[in-house]
Amino acid sequence: MPNRYKTGMYGQRLAEEYLTARRWTILYRNYRTRAGEIDLIARDGEYTVFLEVKYRRSLAFGEPPEAVTAGKRAALRCAAQEYVRENFPEDGDLPFPDCRFDVIAVYDPPGGQRTVEHLADAF
């Protein structure tokens with residue numbers, strides 16, 4: 001396994017711990033479609049939330065949320081549409097669940113204080 005993959009999974013685990021501590025229910029991890037991958041899909045009360053997790057040990061390449069580019073947002077929307085079609089079919093007429101897209105930014109500098117920033121309804 002590449003180190004980058006392990007690092008990403010570590011950041012995702014920290015984000016998941018953050019959410020479950022707040023009584024969220026994790027529905028899927030690494031939901032994959034042709035359009036792309038959604039890191040976490042969770043329930044927050046009545047909302048189905050599609051989460052992108054960004055983990056950084058350094059800010060040399062910018063703040064974690066800055067890495068959620070327009071292309072990444074478009075891919076996440078397409079993947080979320082597939083999830084909704086699979087899980088809420090109803091003859092093509094969607095009883096569309098209340099959904100939103102959040103970003104969890106985990107900054108974990110060596111020897112420093114870890115911070116978790118949750119950007120609800122990020123896009």
# chains A, B, ... in the order shown; residues from 1 in each chain; ligands from 1
$ residues_around --residues "Asp108 of chain A" --least-positions-apart "2" --cutoff "12 Å" --atoms "only C-alpha atoms" --output "PyMOL selection string"
chain A and resi 7+10-11+14-15+54-59+63-64+105-106+110-117
$ write_last_selection --atoms "C-alpha atoms" --output "mmCIF file, in the first residue's frame"
data_model
loop_
_atom_site.group_PDB
_atom_site.id
_atom_site.type_symbol
_atom_site.label_atom_id
_atom_site.label_comp_id
_atom_site.auth_asym_id
_atom_site.auth_seq_id
_atom_site.Cartn_x
_atom_site.Cartn_y
_atom_site.Cartn_z
ATOM 1 C CA THR A 7 -2.136 8.660 5.315
ATOM 2 C CA TYR A 10 -5.718 7.701 8.794
ATOM 3 C CA GLY A 11 -7.231 11.136 8.178
ATOM 4 C CA LEU A 14 -9.988 10.692 12.482
ATOM 5 C CA ALA A 15 -12.887 12.361 10.658
ATOM 6 C CA LYS A 54 -8.828 16.358 3.611
ATOM 7 C CA TYR A 55 -5.897 15.520 5.864
ATOM 8 C CA ARG A 56 -2.706 17.570 6.082
ATOM 9 C CA ARG A 57 0.420 17.372 8.221
ATOM 10 C CA SER A 58 1.760 20.575 6.703
ATOM 11 C CA LEU A 59 0.241 23.635 5.067
ATOM 12 C CA GLU A 63 -5.249 24.706 3.589
ATOM 13 C CA PRO A 64 -7.036 21.339 3.389
ATOM 14 C CA ALA A 105 -10.395 19.217 7.231
ATOM 15 C CA VAL A 106 -7.919 17.528 9.559
ATOM 16 C CA PRO A 110 4.190 16.902 13.676
ATOM 17 C CA GLY A 111 4.599 17.830 17.345
ATOM 18 C CA GLY A 112 1.679 20.235 17.125
ATOM 19 C CA GLN A 113 -1.979 20.387 18.033
ATOM 20 C CA ARG A 114 -4.353 18.408 15.785
ATOM 21 C CA THR A 115 -7.389 20.337 14.647
ATOM 22 C CA VAL A 116 -10.547 19.114 12.947
ATOM 23 C CA GLU A 117 -12.585 21.670 11.046
#
$ select_by_dssp --residues "chain A" --states "helix (DSSP H, G or I)" --output "PyMOL selection string"
chain A and resi 3-21+64-67+70-87+90-92
$ residues_around --residues "segment 23-30 of chain A" --least-positions-apart "4" --cutoff "6 Å" --atoms "only C-alpha atoms" --output "list of chain:residue names"
A:Leu19, A:Ile38, A:Asp39, A:Leu40, A:Ile41, A:Ala42, A:Arg43, A:Asp44
$ residues_around --residues "His118 of chain A" --least-positions-apart "5" --cutoff "8 Å" --atoms "only C-alpha atoms" --output "MDAnalysis selection string"
chainID A and resid 102:105
$ select_by_dssp --residues "segment 73-115 of chain A" --states "strand (DSSP E)" --output "number ranges by chain"
A: 98-107, 115
$ residues_around --residues "Pro97 of chain A" --least-positions-apart "6" --cutoff "9 Å" --atoms "only C-alpha atoms" --output "list of chain:residue names"
A:Glu46, A:Tyr47, A:Thr48, A:Val84, A:Phe88
$ write_last_selection --atoms "C-alpha atoms" --output "short mmCIF file (atom, residue, chain, number, x, y, z; two decimals), in the first residue's frame"
data_model
loop_
_atom_site.label_atom_id
_atom_site.label_comp_id
_atom_site.auth_asym_id
_atom_site.auth_seq_id
_atom_site.Cartn_x
_atom_site.Cartn_y
_atom_site.Cartn_z
CA GLU A 46 -32.62 14.00 8.74
CA TYR A 47 -29.72 14.74 6.40
CA THR A 48 -27.76 12.34 4.24
CA VAL A 84 -29.36 8.44 -4.37
CA PHE A 88 -33.93 5.85 -3.16
#
$ atom_distance --atom1 "atom CA of Ala35 of chain A" --atom2 "atom CA of Val49 of chain A"
17.6 Å
$ atom_distance --atom1 "atom CA of Leu119 of chain A" --atom2 "atom CA of Phe61 of chain A"
19.2 Å
